[in-house]
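Text of protein.tsv, listed as TSV, C-alpha atoms and all ligand atoms:
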```
chain	number	residue	atom	x	y	z
A	246	MET	CA	16.49	-50.33	-53.50
A	247	ASN	CA	19.98	-51.55	-54.49
A	248	ASP	CA	23.13	-50.41	-52.74
A	249	ILE	CA	24.69	-47.25	-54.13
A	250	LEU	CA	26.93	-48.00	-57.14
A	251	ARG	CA	30.46	-46.67	-56.53
A	252	ILE	CA	32.13	-45.49	-59.73
A	253	ALA	CA	35.81	-44.53	-60.16
A	254	VAL	CA	36.44	-41.77	-62.70
A	255	PRO	CA	39.73	-40.16	-63.82
A	256	ASN	CA	40.42	-36.84	-62.09
A	257	LYS	CA	42.92	-35.52	-64.67
A	258	GLY	CA	44.78	-36.26	-67.89
A	259	ALA	CA	43.53	-37.35	-71.29
A	260	LEU	CA	40.64	-39.41	-69.89
A	261	ALA	CA	39.08	-36.93	-67.46
A	262	ASP	CA	37.11	-34.55	-69.71
A	263	PRO	CA	35.78	-37.10	-72.20
A	264	ALA	CA	34.76	-39.44	-69.35
A	265	ALA	CA	32.85	-36.64	-67.60
A	266	GLU	CA	31.22	-35.65	-70.88
A	267	MET	CA	30.10	-39.20	-71.55
A	268	LEU	CA	28.67	-39.64	-68.04
A	269	ARG	CA	26.85	-36.31	-68.38
A	270	GLU	CA	25.36	-37.47	-71.69
A	271	ALA	CA	24.25	-40.64	-69.91
A	272	GLY	CA	22.25	-38.49	-67.47
A	273	TYR	CA	24.58	-38.49	-64.47
A	274	ARG	CA	25.65	-35.53	-62.35
A	275	GLN	CA	29.26	-34.46	-62.89
A	276	ARG	CA	31.58	-31.89	-61.37
A	277	SER	CA	31.13	-28.36	-62.66
A	278	ASP	CA	34.02	-26.93	-64.69
A	279	GLY	CA	37.15	-26.47	-62.63
A	280	ALA	CA	35.66	-28.07	-59.49
A	281	ARG	CA	38.03	-30.34	-57.63
A	282	ASP	CA	35.64	-32.49	-55.58
A	283	LEU	CA	37.09	-35.90	-54.71
A	284	VAL	CA	33.66	-37.48	-54.25
A	285	LEU	CA	30.37	-36.55	-55.87
A	286	ARG	CA	27.02	-38.04	-54.91
A	287	ASP	CA	24.23	-38.44	-57.43
A	288	PRO	CA	21.33	-39.69	-55.26
A	289	GLU	CA	18.79	-39.42	-58.07
A	290	ASN	CA	20.67	-42.13	-59.98
A	291	ASN	CA	21.80	-44.00	-56.87
A	292	VAL	CA	25.50	-43.66	-57.72
A	293	GLU	CA	28.59	-42.07	-56.20
A	294	PHE	CA	31.62	-40.90	-58.20
A	295	PHE	CA	35.18	-41.06	-56.86
A	296	PHE	CA	37.69	-38.90	-58.75
A	297	LEU	CA	41.05	-40.71	-58.82
A	298	ARG	CA	44.28	-40.83	-60.79
A	299	PRO	CA	43.58	-42.92	-63.89
A	300	ARG	CA	46.50	-45.20	-63.05
A	301	ASP	CA	45.02	-46.06	-59.65
A	302	ILE	CA	41.51	-46.85	-60.83
A	303	ALA	CA	42.14	-50.52	-61.70
A	304	VAL	CA	43.69	-50.96	-58.25
A	305	TYR	CA	40.57	-49.70	-56.41
A	306	VAL	CA	38.20	-51.69	-58.62
A	307	GLY	CA	40.40	-54.81	-58.36
A	308	ALA	CA	40.41	-54.52	-54.58
A	309	GLY	CA	36.61	-54.36	-54.64
A	310	THR	CA	36.39	-51.04	-52.77
A	311	LEU	CA	34.80	-49.47	-55.86
A	312	ASP	CA	32.36	-51.34	-58.13
A	313	VAL	CA	33.28	-50.08	-61.59
A	314	GLY	CA	35.64	-47.54	-63.11
A	315	ILE	CA	36.79	-45.80	-66.26
A	316	THR	CA	40.44	-46.12	-67.23
A	317	GLY	CA	42.63	-46.87	-70.25
A	318	ARG	CA	43.15	-50.45	-71.47
A	319	ASP	CA	46.91	-49.84	-71.29
A	320	MET	CA	46.63	-48.77	-67.63
A	321	LEU	CA	44.40	-51.73	-66.82
A	322	LEU	CA	46.99	-54.17	-68.19
A	323	ASP	CA	49.87	-52.31	-66.60
A	324	SER	CA	48.29	-52.52	-63.15
A	325	GLY	CA	48.04	-56.31	-63.16
A	326	ALA	CA	44.94	-55.85	-60.96
A	327	PRO	CA	42.18	-58.50	-61.10
A	328	VAL	CA	39.82	-56.49	-63.31
A	329	ARG	CA	38.14	-57.05	-66.65
A	330	GLU	CA	36.67	-54.88	-69.39
A	331	LEU	CA	32.89	-54.45	-69.42
A	332	LEU	CA	32.67	-51.99	-72.31
A	333	PRO	CA	35.13	-50.18	-74.63
A	334	LEU	CA	34.19	-46.49	-74.59
A	335	GLY	CA	35.60	-45.20	-77.88
A	336	PHE	CA	37.67	-42.24	-76.59
A	337	ALA	CA	41.34	-41.76	-75.56
A	338	ARG	CA	42.29	-44.05	-78.42
A	339	SER	CA	46.03	-44.58	-78.66
A	340	THR	CA	48.65	-47.16	-79.48
A	341	PHE	CA	51.44	-48.26	-77.21
A	342	ARG	CA	54.69	-48.51	-79.15
A	343	PHE	CA	58.44	-48.79	-79.11
A	344	ALA	CA	60.45	-45.89	-80.52
A	345	ALA	CA	64.14	-45.14	-80.94
A	346	THR	CA	66.52	-42.80	-82.76
A	347	PRO	CA	66.45	-43.85	-86.44
A	348	GLY	CA	69.07	-46.49	-87.24
A	349	THR	CA	69.79	-47.47	-83.63
A	350	ALA	CA	67.33	-50.29	-82.92
A	351	ASP	CA	65.19	-51.31	-85.89
A	352	ASP	CA	63.88	-54.58	-84.59
A	353	LEU	CA	62.51	-55.97	-81.35
A	354	LYS	CA	64.84	-58.96	-81.72
A	355	GLY	CA	67.82	-56.66	-81.32
A	356	PHE	CA	66.62	-55.27	-77.96
A	357	ASP	CA	68.61	-57.74	-75.82
A	358	GLY	CA	70.88	-55.76	-73.48
A	359	LEU	CA	69.27	-52.40	-74.37
A	360	ARG	CA	67.59	-50.05	-71.88
A	361	VAL	CA	63.89	-49.38	-72.53
A	362	ALA	CA	62.29	-46.43	-70.72
A	363	THR	CA	58.56	-46.42	-69.98
A	364	SER	CA	55.94	-45.37	-67.45
A	365	TYR	CA	54.11	-48.67	-68.10
A	366	SER	CA	56.69	-51.06	-66.64
A	367	GLY	CA	54.22	-53.83	-65.75
A	368	LEU	CA	52.85	-53.99	-69.27
A	369	LEU	CA	56.30	-53.76	-70.83
A	370	ARG	CA	57.92	-56.42	-68.62
A	371	THR	CA	55.16	-58.89	-69.49
A	372	TYR	CA	55.47	-58.13	-73.20
A	373	LEU	CA	59.27	-58.58	-73.23
A	374	ALA	CA	59.17	-61.72	-71.07
A	375	GLU	CA	56.55	-63.34	-73.33
A	376	ARG	CA	58.92	-62.85	-76.25
A	377	GLY	CA	62.08	-63.86	-74.38
A	378	ILE	CA	63.72	-60.46	-74.81
A	379	ASP	CA	66.28	-59.57	-72.17
A	380	ALA	CA	66.13	-55.77	-72.08
A	381	GLU	CA	66.48	-53.55	-69.02
A	382	VAL	CA	63.27	-51.68	-68.13
A	383	ILE	CA	63.80	-48.11	-66.89
A	384	LYS	CA	60.68	-46.91	-65.07
A	385	LEU	CA	59.88	-43.20	-65.51
A	386	ASP	CA	56.83	-41.18	-64.49
A	387	GLY	CA	56.19	-39.35	-67.76
A	388	ALA	CA	57.74	-37.33	-70.60
A	389	VAL	CA	59.41	-40.60	-71.53
A	390	GLU	CA	60.30	-39.39	-75.03
A	391	THR	CA	63.13	-37.28	-73.59
A	392	ALA	CA	64.89	-40.28	-72.02
A	393	VAL	CA	66.81	-41.24	-75.19
A	394	GLN	CA	68.07	-37.72	-75.82
A	395	LEU	CA	69.31	-37.48	-72.23
A	396	GLY	CA	71.05	-40.84	-72.40
A	397	VAL	CA	68.93	-42.63	-69.80
A	398	ALA	CA	67.62	-45.20	-72.29
A	399	ASP	CA	68.22	-46.58	-75.82
A	400	VAL	CA	64.56	-47.22	-76.63
A	401	ILE	CA	61.24	-46.02	-75.22
A	402	ALA	CA	57.84	-47.68	-74.96
A	403	ASP	CA	55.05	-45.11	-74.71
A	404	VAL	CA	51.58	-43.96	-75.68
A	405	VAL	CA	51.38	-42.62	-79.25
A	406	GLU	CA	48.40	-40.85	-80.68
A	407	THR	CA	49.32	-38.40	-83.44
A	408	GLY	CA	53.07	-39.12	-83.20
A	409	THR	CA	53.85	-35.42	-82.69
A	410	THR	CA	55.67	-35.94	-79.38
A	411	LEU	CA	57.86	-38.69	-80.91
A	412	ARG	CA	58.76	-36.52	-83.90
A	413	GLN	CA	59.64	-33.60	-81.67
A	414	ALA	CA	62.02	-35.85	-79.74
A	415	GLY	CA	63.63	-37.11	-82.98
A	416	LEU	CA	62.35	-40.65	-82.46
A	417	GLU	CA	60.85	-43.15	-84.87
A	418	ILE	CA	58.42	-46.00	-84.25
A	419	VAL	CA	60.00	-49.46	-84.05
A	420	GLY	CA	58.11	-52.71	-84.72
A	421	ASP	CA	54.45	-53.57	-84.38
A	422	PRO	CA	52.11	-51.91	-81.86
A	423	ILE	CA	52.50	-53.42	-78.39
A	424	LEU	CA	48.86	-52.63	-77.70
A	425	ILE	CA	45.88	-50.75	-79.10
A	426	SER	CA	44.24	-48.85	-76.27
A	427	GLU	CA	41.11	-46.82	-75.56
A	428	ALA	CA	39.08	-45.87	-72.51
A	429	VAL	CA	37.22	-48.84	-71.02
A	430	LEU	CA	34.64	-49.45	-68.31
A	431	ILE	CA	36.06	-52.01	-65.90
A	432	THR	CA	34.83	-54.21	-63.08
A	433	ARG	CA	36.31	-56.92	-60.84
A	434	GLN	CA	37.47	-60.04	-62.63
A	435	ASP	CA	35.58	-62.60	-60.57
A	436	GLY	CA	31.84	-62.72	-60.07
A	437	GLN	CA	29.04	-60.66	-61.51
A	438	PRO	CA	29.23	-56.86	-61.73
A	439	ALA	CA	27.41	-55.02	-58.90
A	440	PRO	CA	23.61	-54.92	-59.41
A	441	GLY	CA	23.49	-51.20	-60.27
A	442	ALA	CA	26.21	-51.64	-62.92
A	443	GLU	CA	23.64	-52.97	-65.41
A	444	GLN	CA	21.93	-49.59	-65.63
A	445	LEU	CA	25.23	-47.72	-66.07
A	446	LEU	CA	26.26	-50.18	-68.79
A	447	ARG	CA	22.98	-49.78	-70.68
A	448	ARG	CA	23.17	-45.99	-70.45
A	449	LEU	CA	26.76	-45.89	-71.73
A	450	GLN	CA	25.90	-48.29	-74.55
A	451	GLY	CA	23.06	-45.91	-75.41
A	452	VAL	CA	25.46	-42.95	-75.56
A	453	LEU	CA	27.83	-44.92	-77.83
A	454	VAL	CA	25.01	-45.79	-80.24
A	455	ALA	CA	23.68	-42.20	-80.18
A	456	ARG	CA	27.18	-40.98	-81.07
A	457	ARG	CA	27.82	-43.54	-83.82
A	458	TYR	CA	24.46	-43.34	-85.60
A	459	VAL	CA	22.16	-40.70	-87.08
A	460	MET	CA	18.48	-41.06	-87.90
A	461	MET	CA	17.67	-40.92	-91.62
A	462	ASP	CA	14.20	-40.24	-93.04
A	463	TYR	CA	13.27	-40.15	-96.71
A	464	ASP	CA	10.41	-40.64	-99.17
A	465	ILE	CA	10.65	-43.09	-102.05
A	466	ARG	CA	8.41	-44.72	-104.65
A	467	ALA	CA	6.98	-47.95	-103.21
A	468	GLU	CA	8.46	-50.11	-105.97
A	469	ARG	CA	12.00	-49.07	-104.99
A	470	VAL	CA	11.64	-49.61	-101.28
A	471	GLU	CA	13.50	-52.96	-101.31
A	472	GLU	CA	16.49	-51.37	-103.00
A	473	ALA	CA	16.39	-48.45	-100.60
A	474	SER	CA	16.11	-50.74	-97.57
A	475	ALA	CA	19.25	-52.54	-98.69
A	476	LEU	CA	21.07	-49.19	-98.48
A	477	THR	CA	19.55	-48.35	-95.08
A	478	PRO	CA	18.96	-51.68	-93.32
A	479	GLY	CA	18.94	-49.98	-89.90
A	480	LEU	CA	19.94	-51.94	-86.83
A	481	GLU	CA	17.17	-54.50	-87.25
A	482	SER	CA	14.86	-53.31	-90.00
A	483	PRO	CA	13.81	-49.91	-91.37
A	484	THR	CA	10.36	-48.53	-90.54
A	485	VAL	CA	8.27	-48.11	-93.71
A	486	SER	CA	5.07	-46.00	-93.45
A	487	PRO	CA	2.45	-45.16	-96.07
A	488	LEU	CA	2.36	-41.63	-97.48
A	489	HIS	CA	-0.76	-39.75	-98.49
A	490	ARG	CA	0.83	-39.33	-101.91
A	491	GLU	CA	-0.18	-42.38	-103.97
A	492	GLY	CA	2.64	-44.85	-104.77
A	493	TRP	CA	5.13	-43.38	-102.27
A	494	VAL	CA	6.30	-44.49	-98.82
A	495	ALA	CA	8.30	-42.88	-96.02
A	496	VAL	CA	11.31	-44.78	-94.67
A	497	ARG	CA	13.11	-44.25	-91.34
A	498	ALA	CA	16.32	-46.04	-90.34
A	499	MET	CA	19.46	-45.55	-88.25
A	500	VAL	CA	22.60	-45.07	-90.36
A	501	PRO	CA	26.25	-44.98	-89.22
A	502	ARG	CA	27.16	-41.31	-88.90
A	503	ASP	CA	30.34	-41.63	-90.98
A	504	GLN	CA	28.38	-43.15	-93.88
A	505	ALA	CA	25.47	-40.69	-93.92
A	506	GLN	CA	26.62	-38.59	-96.90
A	507	ARG	CA	27.44	-41.63	-99.08
A	508	VAL	CA	24.09	-43.25	-98.25
A	509	MET	CA	22.24	-40.01	-99.08
A	510	ASP	CA	23.98	-39.85	-102.48
A	511	GLU	CA	23.01	-43.45	-103.24
A	512	LEU	CA	19.42	-42.95	-102.08
A	513	TRP	CA	19.12	-39.86	-104.25
A	514	GLU	CA	20.36	-41.86	-107.26
A	515	ILE	CA	17.52	-44.38	-106.86
A	516	GLY	CA	14.90	-41.65	-106.56
A	517	ALA	CA	14.62	-40.96	-102.84
A	518	ARG	CA	13.62	-37.40	-101.99
A	519	ALA	CA	13.15	-35.29	-98.85
A	520	ILE	CA	16.12	-37.08	-97.26
A	521	LEU	CA	16.58	-35.77	-93.72
A	522	VAL	CA	19.33	-36.60	-91.24
A	523	THR	CA	18.92	-35.88	-87.53
A	524	ASP	CA	21.03	-36.49	-84.44
A	525	ILE	CA	19.99	-39.11	-81.91
A	526	LEU	CA	20.10	-37.52	-78.46
A	527	ALA	CA	19.75	-40.71	-76.44
A	528	CYS	CA	18.63	-44.28	-76.98
A	529	ARG	CA	18.22	-47.76	-75.52
A	530	ILE	CA	18.63	-50.43	-78.13
B	601	LIG	N1	47.57	-37.93	-76.48
B	601	LIG	C1	46.74	-38.92	-76.17
B	601	LIG	N2	45.76	-39.29	-77.02
B	601	LIG	C2	44.91	-40.29	-76.72
B	601	LIG	N3	44.97	-40.99	-75.58
B	601	LIG	C3	45.91	-40.65	-74.71
B	601	LIG	C4	46.85	-39.61	-74.94
B	601	LIG	N4	47.66	-39.51	-73.89
B	601	LIG	C5	47.26	-40.45	-73.03
B	601	LIG	N5	46.22	-41.14	-73.52
B	601	LIG	C6	45.50	-42.26	-72.88
B	601	LIG	O1	44.84	-41.76	-71.73
B	601	LIG	C7	45.01	-42.62	-70.63
B	601	LIG	C8	45.57	-41.85	-69.46
B	601	LIG	O2	46.79	-41.28	-69.82
B	601	LIG	P1	47.26	-39.89	-69.24
B	601	LIG	O3	48.40	-39.44	-70.03
B	601	LIG	O4	46.11	-38.99	-69.09
B	601	LIG	O5	47.71	-40.36	-67.79
B	601	LIG	P2	48.99	-39.97	-66.99
B	601	LIG	O6	50.15	-39.96	-67.92
B	601	LIG	O7	49.06	-40.81	-65.76
B	601	LIG	O8	48.60	-38.57	-66.53
B	601	LIG	P3	49.38	-37.24	-66.79
B	601	LIG	O9	49.80	-37.27	-68.25
B	601	LIG	O10	48.35	-36.19	-66.49
B	601	LIG	O11	50.51	-37.31	-65.83
B	601	LIG	C9	45.87	-43.79	-71.11
B	601	LIG	O12	45.01	-44.87	-71.37
B	601	LIG	C10	46.49	-43.30	-72.40
B	601	LIG	O13	46.58	-44.33	-73.38
B	602	LIG	O1	51.35	-38.96	-80.19
B	602	LIG	P1	50.94	-37.70	-79.51
B	602	LIG	O2	49.67	-37.12	-80.09
B	602	LIG	O3	52.04	-36.71	-79.43
B	602	LIG	O4	50.49	-38.09	-78.00
B	602	LIG	C1	51.23	-38.93	-77.19
B	602	LIG	C2	51.74	-38.25	-75.96
B	602	LIG	O5	50.64	-37.90	-75.11
B	602	LIG	C3	50.87	-38.39	-73.79
B	602	LIG	O6	51.64	-37.48	-73.07
B	602	LIG	P2	51.14	-36.65	-71.81
B	602	LIG	O7	50.84	-35.26	-72.23
B	602	LIG	O8	50.09	-37.38	-71.09
B	602	LIG	O9	52.47	-36.57	-70.94
B	602	LIG	P3	53.20	-37.76	-70.16
B	602	LIG	O10	54.04	-38.48	-71.16
B	602	LIG	O11	54.03	-37.04	-69.17
B	602	LIG	O12	52.15	-38.61	-69.54
B	602	LIG	C4	51.72	-39.62	-74.05
B	602	LIG	O13	52.44	-40.03	-72.91
B	602	LIG	C5	52.63	-39.20	-75.17
B	602	LIG	O14	53.75	-38.53	-74.70
B	603	MG	MG	50.27	-38.93	-69.79
```
Spit out the file's structure as structure tokens when you get a sec.
Amino acid sequence: MNDILRIAVPNKGALADPAAEMLREAGYRQRSDGARDLVLRDPENNVEFFFLRPRDIAVYVGAGTLDVGITGRDMLLDSGAPVRELLPLGFARSTFRFAATPGTADDLKGFDGLRVATSYSGLLRTYLAERGIDAEVIKLDGAVETAVQLGVADVIADVVETGTTLRQAGLEIVGDPILISEAVLITRQDGQPAPGAEQLLRRLQGVLVARRYVMMDYDIRAERVEEASALTPGLESPTVSPLHREGWVAVRAMVPRDQAQRVMDELWEIGARAILVTDILACRI
């Protein structure tokens, strides 16, 4: 048997609940609601979970004390730790952006000599240095949007999702996104991931596919099956089975969830009937 796989998971913040939910869907044990365990063993799956601050996760994984972890891409880059992304996980999506009071700093080029507040100073310093911008970085722990109002900074660089927090602080986005972020599974930069990481990776990939796709079944006249297959090509190829009813076949294919209604309309137009859509609970592709 392989060594136990040691997995770092966020203990609070925007990543914690969706990470736990995803691991649960992948068949792993997770903390019960409200529990505050720091370590959780899951002997059945030969893994151990360590609940840590999301910001620290890249540090532990980079040091090699933990094998893999879940954190945000922005936090990974900010840490400067020797880690790499194994798999983007599709939640905690955000952009990292500059913002300022309207009319005060409309362009990155004009940032020389200004004070930029952020809780991602590593990421920001690299970004400014790469562009030769000589701004002063003010490192704060959080609630960065308030820094301009209180006169601590001229510009901020922070996580933006809906933009509500910026609007409430009377700030406006400046320039292009510094980074597009989401939750990611990470491992150490050098060498192969730990042996048990393969299984975790496959399970998480399975959850992502199960979330993104639905299963679609329908009946159609045999002479239209080519046309129908073009609408529902599936991941590799749709399954076509004979029907007892002469001249008809049954087709089964995976369809992207967000396209299911459009595909059903188009199938109906070419004569498909008994079109059924079902959730995929789990899969290995
Ligand atoms: N409102 C949000 N929507 C989507 N993703 C977010 C949001 N806020 C933070 N994130 C993402 O979640 C990850 C962790 O950020 P989070 O804010 O939870 O950490 P933190 O600021 O250290 O913790 P806390 O806010 O609890 O002090 C980052 O990758 C960030 O991009
Ligand atoms: O664009 P929005 O949808 O408003 O979301 C973005 C806000 O969410 C996060 O704040 P969080 O609650 O984590 O507080 P923090 O700034 O103290 O980390 C982030 O730092 C932004 O402030
Ligand atoms: Mg936060």
Shell around Val313 in chain A at 10 Å using only C-alpha atoms, local window under 4 positions removed, as a count of residues only: 25
Distance query Ser482 in chain A at most 12 Å, only C-alpha atoms, self and fewer than 2 positions along chain excluded, as a VMD selection string: chain A and resid 471 473 to 480 484 to 485 496 to 500
Using only the atoms of range 385-393 of chain A listed in the file, plus 3 Å on each side, state the axis-aligned box centre and edge lengths in Å rounded to one decimal, as lines of an AutoDock Vina configuration file.
```
center_x = 61.5
center_y = -40.2
center_z = -69.8
size_x = 16.6
size_y = 11.9
size_z = 16.7
```
Selected residue of minimal separation from Leu453 in chain A among A:Val494, A:Ala527, A:Leu373, A:Ile383, counting all atoms listed in the file: A:Ala527
Length of the CA of Ala505 in chain A to CA of Pro263 in chain A vector [Å]: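 Value for the CA of Ala505 in chain A-CA of Pro263 in chain A distance: 24.3 Å.
Atom pair CA of Asp386 in chain A / CA of Thr349 in chain A has a distance of 24.0 Å (rounded to one decimal).
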Selection: 8 Å around Ala308 in chain A, all atoms listed in the file, excl. self and same-chain fewer than 4 positions, as a list of chain:residue names: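 Selected residues are A:Val304, A:Ala326, A:Pro327, A:Arg433.
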Test item: residues lying within 8 Å of ligand LIG 601 (chain B) with only C-alpha atoms and all ligand atoms, as a list in words: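 Those residues are Lys257, Gly258, Ala259, Leu260, Ala261, Arg298, Pro299, Arg300, Thr316, Gly317, Arg318, Asp319, Met320, Phe336, Ala337, Arg338, Ser339, Thr340, Phe341, Ser364, Asp386, Gly387, Val404, Val405, Glu406, Thr407, Ser426, Glu427 and Ala428 of chain A.
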Exercise: residues within 12 Å of coordinate (5.0, -44.4, -93.7), counting only C-alpha atoms, as an MDAnalysis selection string: chainID A and resid 462:467 470 483:498
Proximity to ligand LIG 602 (chain B) - best of A:Arg376, A:Arg412, A:Arg274, A:Arg269, all atoms listed in the file: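 Closest residue, counting all atoms listed in the file: A:Arg412.
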Which residue of A:Gly396, A:Gly279, A:Gly314, A:Gly408 approaches ligand LIG 602 (chain B) most closely, using all atoms listed in the file: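 The closest residue to ligand LIG 602 (chain B) is A:Gly408.
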Minimum-distance residue to ligand LIG 602 (chain B), chosen among A:Asp403, A:Asp248, A:Glu468, A:Glu481 (using only C-alpha atoms and all ligand atoms): A:Asp403
Which residue of A:Ile423, A:Leu268, A:Ala344, A:Leu368 approaches Glu390 in chain A most closely, using all atoms listed in the file: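 Comparing A:Ile423, A:Leu268, A:Ala344, A:Leu368 against Glu390 in chain A, the winner is A:Ala344.
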